[in-house]
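Asks: Here it is, the structure, as structure tokens.
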Amino acid sequence: MKFIIAVIKPFKLEEVREALGALGIQGITVTEVRGHGRQRGHTEFYRGAEYTVSFVPKVKLELAVDEHMADKVIEAIQTTGQTGQIGDGKIFVLPLEQAVRIRTGESGTAAL
Ligand SMILES: Nc1ncnc2c1ncn2[C@@H]1O[C@H](COP(=O)(O)OP(=O)(O)OP(=O)(O)O)[C@@H](O)[C@H]1O
Ligand SMILES: [Mg+2]
């Protein structure tokens, strides 16, 4: 299993969510976050407003997926999350050791 963490532009959330839904993704956690990449100290636009502060609003997605789904998920986020402008975000992929569905006690891919 893989654990995929993606930071995207907030206005891209619906488009990315639809693409992930089309792939058959079941579970996802979405969090409103703030961050910056390598242009720290430079301006970035968010909803028409210019941010010169250190942190820009972003949305963080977290998904635990079966091994064979990982590349499709990464590609879907990369292509639908892209505007081509700075600040489009990042995708981080981690090995996932275990998952447990609390209601039933199922574990591993059965818990996804
Ligand atoms: N190395 C990192 N570690 C953790 N979070 C990061 C990292 N790089 C970027 N992020 C997160 O992703 C968001 C978007 O980063 P961003 O797309 O600006 O990266 P970048 O490397 O500056 O690329 P670009 O040149 O396209 O802007 C940041 O606001 C931050 O929340
Ligand atoms: Mg940047």
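All residue names refer to the structure tokens as shown: chains lettered A, B, ... in order, residues numbered from 1 in each chain, ligands numbered from 1 in order.
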Give as a ChimeraX atom specification the residues surrounding ligand 2 up to a distance of 7 Å, considering only C-alpha atoms and all ligand atoms.

Replies: /A:36-39,86-87

Asks: Please identify the residues whose atoms come within 8 Å of ligand 1, using only C-alpha atoms and all ligand atoms, and report them as a PyMOL selection string.

Replies: chain A and resi 6-9+33-40+55-58+60+84-90

Asks: Once you have the residues from the selection above, write them out as a PDB file, in the first residue's frame, restricted to N, CA and C atoms.

Replies:
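Below is the file that was written, result.pdb:
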ATOM      1  N   ALA A   6      -0.824  15.027  -1.100  1.00  0.00           N
ATOM      2  CA  ALA A   6      -0.705  16.023  -2.167  1.00  0.00           C
ATOM      3  C   ALA A   6      -1.127  17.373  -1.623  1.00  0.00           C
ATOM      4  N   VAL A   7      -0.381  18.405  -2.001  1.00  0.00           N
ATOM      5  CA  VAL A   7      -0.742  19.780  -1.667  1.00  0.00           C
ATOM      6  C   VAL A   7      -1.092  20.461  -2.981  1.00  0.00           C
ATOM      7  N   ILE A   8      -2.331  20.971  -3.065  1.00  0.00           N
ATOM      8  CA  ILE A   8      -2.791  21.553  -4.336  1.00  0.00           C
ATOM      9  C   ILE A   8      -3.383  22.946  -4.100  1.00  0.00           C
ATOM     10  N   LYS A   9      -3.652  23.629  -5.211  1.00  0.00           N
ATOM     11  CA  LYS A   9      -4.347  24.910  -5.115  1.00  0.00           C
ATOM     12  C   LYS A   9      -5.804  24.643  -4.749  1.00  0.00           C
ATOM     13  N   VAL A  33      -4.735  23.937   4.458  1.00  0.00           N
ATOM     14  CA  VAL A  33      -3.416  24.187   5.047  1.00  0.00           C
ATOM     15  C   VAL A  33      -2.831  25.476   4.479  1.00  0.00           C
ATOM     16  N   ARG A  34      -1.706  25.865   4.993  1.00  0.00           N
ATOM     17  CA  ARG A  34      -0.950  26.990   4.444  1.00  0.00           C
ATOM     18  C   ARG A  34       0.490  26.549   4.294  1.00  0.00           C
ATOM     19  N   GLY A  35       1.150  27.065   3.275  1.00  0.00           N
ATOM     20  CA  GLY A  35       2.541  26.664   3.101  1.00  0.00           C
ATOM     21  C   GLY A  35       3.251  27.549   2.097  1.00  0.00           C
ATOM     22  N   HIS A  36       4.491  27.221   1.849  1.00  0.00           N
ATOM     23  CA  HIS A  36       5.200  27.857   0.747  1.00  0.00           C
ATOM     24  C   HIS A  36       6.209  26.884   0.172  1.00  0.00           C
ATOM     25  N   GLY A  37       6.558  27.122  -1.071  1.00  0.00           N
ATOM     26  CA  GLY A  37       7.581  26.325  -1.732  1.00  0.00           C
ATOM     27  C   GLY A  37       8.847  27.145  -1.855  1.00  0.00           C
ATOM     28  N   ARG A  38       9.479  27.005  -2.994  1.00  0.00           N
ATOM     29  CA  ARG A  38      10.816  27.606  -3.118  1.00  0.00           C
ATOM     30  C   ARG A  38      10.791  29.099  -3.400  1.00  0.00           C
ATOM     31  N   GLN A  39       9.610  29.678  -3.702  1.00  0.00           N
ATOM     32  CA  GLN A  39       9.568  31.124  -3.951  1.00  0.00           C
ATOM     33  C   GLN A  39       9.328  31.906  -2.668  1.00  0.00           C
ATOM     34  N   ARG A  40       9.704  31.334  -1.566  1.00  0.00           N
ATOM     35  CA  ARG A  40       9.499  32.026  -0.289  1.00  0.00           C
ATOM     36  C   ARG A  40       9.972  33.475  -0.394  1.00  0.00           C
ATOM     37  N   PHE A  55       3.096  32.520   3.868  1.00  0.00           N
ATOM     38  CA  PHE A  55       2.308  31.307   3.672  1.00  0.00           C
ATOM     39  C   PHE A  55       1.086  31.580   2.806  1.00  0.00           C
ATOM     40  N   VAL A  56       0.843  30.668   1.871  1.00  0.00           N
ATOM     41  CA  VAL A  56      -0.266  30.782   0.933  1.00  0.00           C
ATOM     42  C   VAL A  56      -1.246  29.642   1.209  1.00  0.00           C
ATOM     43  N   PRO A  57      -2.567  29.916   1.195  1.00  0.00           N
ATOM     44  CA  PRO A  57      -3.549  28.847   1.431  1.00  0.00           C
ATOM     45  C   PRO A  57      -3.441  27.744   0.378  1.00  0.00           C
ATOM     46  N   LYS A  58      -3.475  26.508   0.853  1.00  0.00           N
ATOM     47  CA  LYS A  58      -3.440  25.334  -0.023  1.00  0.00           C
ATOM     48  C   LYS A  58      -4.401  24.309   0.536  1.00  0.00           C
ATOM     49  N   LYS A  60      -4.576  20.171   1.378  1.00  0.00           N
ATOM     50  CA  LYS A  60      -3.783  18.928   1.469  1.00  0.00           C
ATOM     51  C   LYS A  60      -4.716  17.734   1.333  1.00  0.00           C
ATOM     52  N   GLY A  84       0.156  25.325 -14.428  1.00  0.00           N
ATOM     53  CA  GLY A  84       1.379  25.765 -15.098  1.00  0.00           C
ATOM     54  C   GLY A  84       2.013  26.971 -14.429  1.00  0.00           C
ATOM     55  N   GLN A  85       1.286  27.556 -13.475  1.00  0.00           N
ATOM     56  CA  GLN A  85       1.813  28.699 -12.727  1.00  0.00           C
ATOM     57  C   GLN A  85       2.528  28.201 -11.472  1.00  0.00           C
ATOM     58  N   ILE A  86       3.373  29.056 -10.906  1.00  0.00           N
ATOM     59  CA  ILE A  86       4.047  28.663  -9.675  1.00  0.00           C
ATOM     60  C   ILE A  86       3.018  28.390  -8.595  1.00  0.00           C
ATOM     61  N   GLY A  87       3.372  27.496  -7.676  1.00  0.00           N
ATOM     62  CA  GLY A  87       2.492  27.198  -6.546  1.00  0.00           C
ATOM     63  C   GLY A  87       1.478  26.098  -6.813  1.00  0.00           C
ATOM     64  N   ASP A  88       1.610  25.363  -7.903  1.00  0.00           N
ATOM     65  CA  ASP A  88       0.654  24.291  -8.205  1.00  0.00           C
ATOM     66  C   ASP A  88       0.697  23.171  -7.174  1.00  0.00           C
ATOM     67  N   GLY A  89       1.808  23.040  -6.458  1.00  0.00           N
ATOM     68  CA  GLY A  89       1.835  22.072  -5.360  1.00  0.00           C
ATOM     69  C   GLY A  89       2.766  20.903  -5.579  1.00  0.00           C
ATOM     70  N   LYS A  90       2.641  19.926  -4.697  1.00  0.00           N
ATOM     71  CA  LYS A  90       3.534  18.768  -4.680  1.00  0.00           C
ATOM     72  C   LYS A  90       2.751  17.507  -4.383  1.00  0.00           C
TER      73      LYS A  90
END

Asks: Using only C-alpha atoms, determine which residues lie at most 8 Å from range 69-78 of chain A, disregarding the query and same-chain residues fewer than 6 positions distant; provide the list as a list in words.

Replies: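 The contact residues come out as Lys2, Ile4, Ala6, Val16, Ala19, Leu20, Leu23 and Ile91 of chain A.
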
Asks: Just asking: which residues within chain A are alpha helix (DSSP H) according to DSSP, as a PyMOL selection string?

Replies: chain A and resi 13-22+70-80

Asks: Please extract the residues of range 49-100 of chain A with a backbone DSSP assignment of strand (DSSP E) and present them as a PyMOL selection string.

Replies: chain A and resi 49-51+56-65+89-95

Asks: Mind dumping the selected residues with C-alpha atoms as a PDB file, in the first residue's frame?

Replies:
ATOM      1  CA  ALA A  49      -5.216  38.496  -4.320  1.00  0.00           C
ATOM      2  CA  GLU A  50      -1.477  38.885  -4.220  1.00  0.00           C
ATOM      3  CA  TYR A  51       0.162  37.129  -1.281  1.00  0.00           C
ATOM      4  CA  VAL A  56      -0.266  30.782   0.933  1.00  0.00           C
ATOM      5  CA  PRO A  57      -3.549  28.847   1.431  1.00  0.00           C
ATOM      6  CA  LYS A  58      -3.440  25.334  -0.023  1.00  0.00           C
ATOM      7  CA  VAL A  59      -5.440  22.122   0.276  1.00  0.00           C
ATOM      8  CA  LYS A  60      -3.783  18.928   1.469  1.00  0.00           C
ATOM      9  CA  LEU A  61      -5.092  15.584   0.255  1.00  0.00           C
ATOM     10  CA  GLU A  62      -4.250  12.324   1.981  1.00  0.00           C
ATOM     11  CA  LEU A  63      -5.058   8.960   0.428  1.00  0.00           C
ATOM     12  CA  ALA A  64      -4.178   5.406   1.333  1.00  0.00           C
ATOM     13  CA  VAL A  65      -4.289   3.331  -1.842  1.00  0.00           C
ATOM     14  CA  GLY A  89       1.835  22.072  -5.360  1.00  0.00           C
ATOM     15  CA  LYS A  90       3.534  18.768  -4.680  1.00  0.00           C
ATOM     16  CA  ILE A  91       2.789  15.080  -4.424  1.00  0.00           C
ATOM     17  CA  PHE A  92       4.582  12.980  -1.829  1.00  0.00           C
ATOM     18  CA  VAL A  93       4.410   9.170  -1.864  1.00  0.00           C
ATOM     19  CA  LEU A  94       5.190   7.029   1.174  1.00  0.00           C
ATOM     20  CA  PRO A  95       5.147   3.278   1.775  1.00  0.00           C
TER      21      PRO A  95
END

Asks: Between A:Ile28, A:Met1, A:Ala111, A:Leu96, which is the closest to Leu13 in chain A once you count only C-alpha atoms?

Replies: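 Closest to Leu13 in chain A, using only C-alpha atoms: A:Ile28.
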
Asks: Contacts of Ala110 in chain A at 12 Å or less, counting only C-alpha atoms, minus same-chain residues fewer than 3 places along, as a PyMOL selection string?

Replies: chain A and resi 1+26+64-66+98-102+104-107

Asks: For the selection you just gave me, I'd like the residues written to a file as a compact mmCIF listing (two decimals), in the first residue's frame, keeping C-alpha atoms.

Replies:
# COMPACT_ATOMS: atom_id res chain seq x y z
CA MET A 1 0.00 0.00 0.00
CA GLN A 26 -12.88 5.32 -1.91
CA ALA A 64 -4.18 5.41 1.33
CA VAL A 65 -4.29 3.33 -1.84
CA ASP A 66 -3.54 -0.14 -3.10
CA GLN A 98 -0.83 -1.01 7.66
CA ALA A 99 -4.44 0.17 7.54
CA VAL A 100 -7.27 -0.90 9.83
CA ARG A 101 -11.02 -0.31 9.47
CA ILE A 102 -11.99 0.47 13.02
CA THR A 104 -14.79 -4.23 11.54
CA GLY A 105 -11.16 -4.80 12.38
CA GLU A 106 -10.38 -5.55 8.72
CA SER A 107 -6.79 -4.74 7.86

Asks: Here is a test: counting only C-alpha atoms, which residue of A:Ser54, A:Gln82, A:Leu112, A:His68 is nearest to Phe11 in chain A?

Replies: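 Answer, going by the shortest atom-to-atom distance: A:Gln82.
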
Asks: Quick one, how far is CA of Gly24 in chain A from CA of Ile5 in chain A?

Replies: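 Computing it gives 17.5 Å between the two atoms.
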
Asks: Quick one, how far is CA of Thr31 in chain A from CA of Glu15 in chain A?

Replies: 16.0 Å

Asks: What gap, in Å, lies between CA of Arg47 in chain A and CA of Ala22 in chain A?

Replies: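 Value for the CA of Arg47 in chain A-CA of Ala22 in chain A distance: 27.0 Å.
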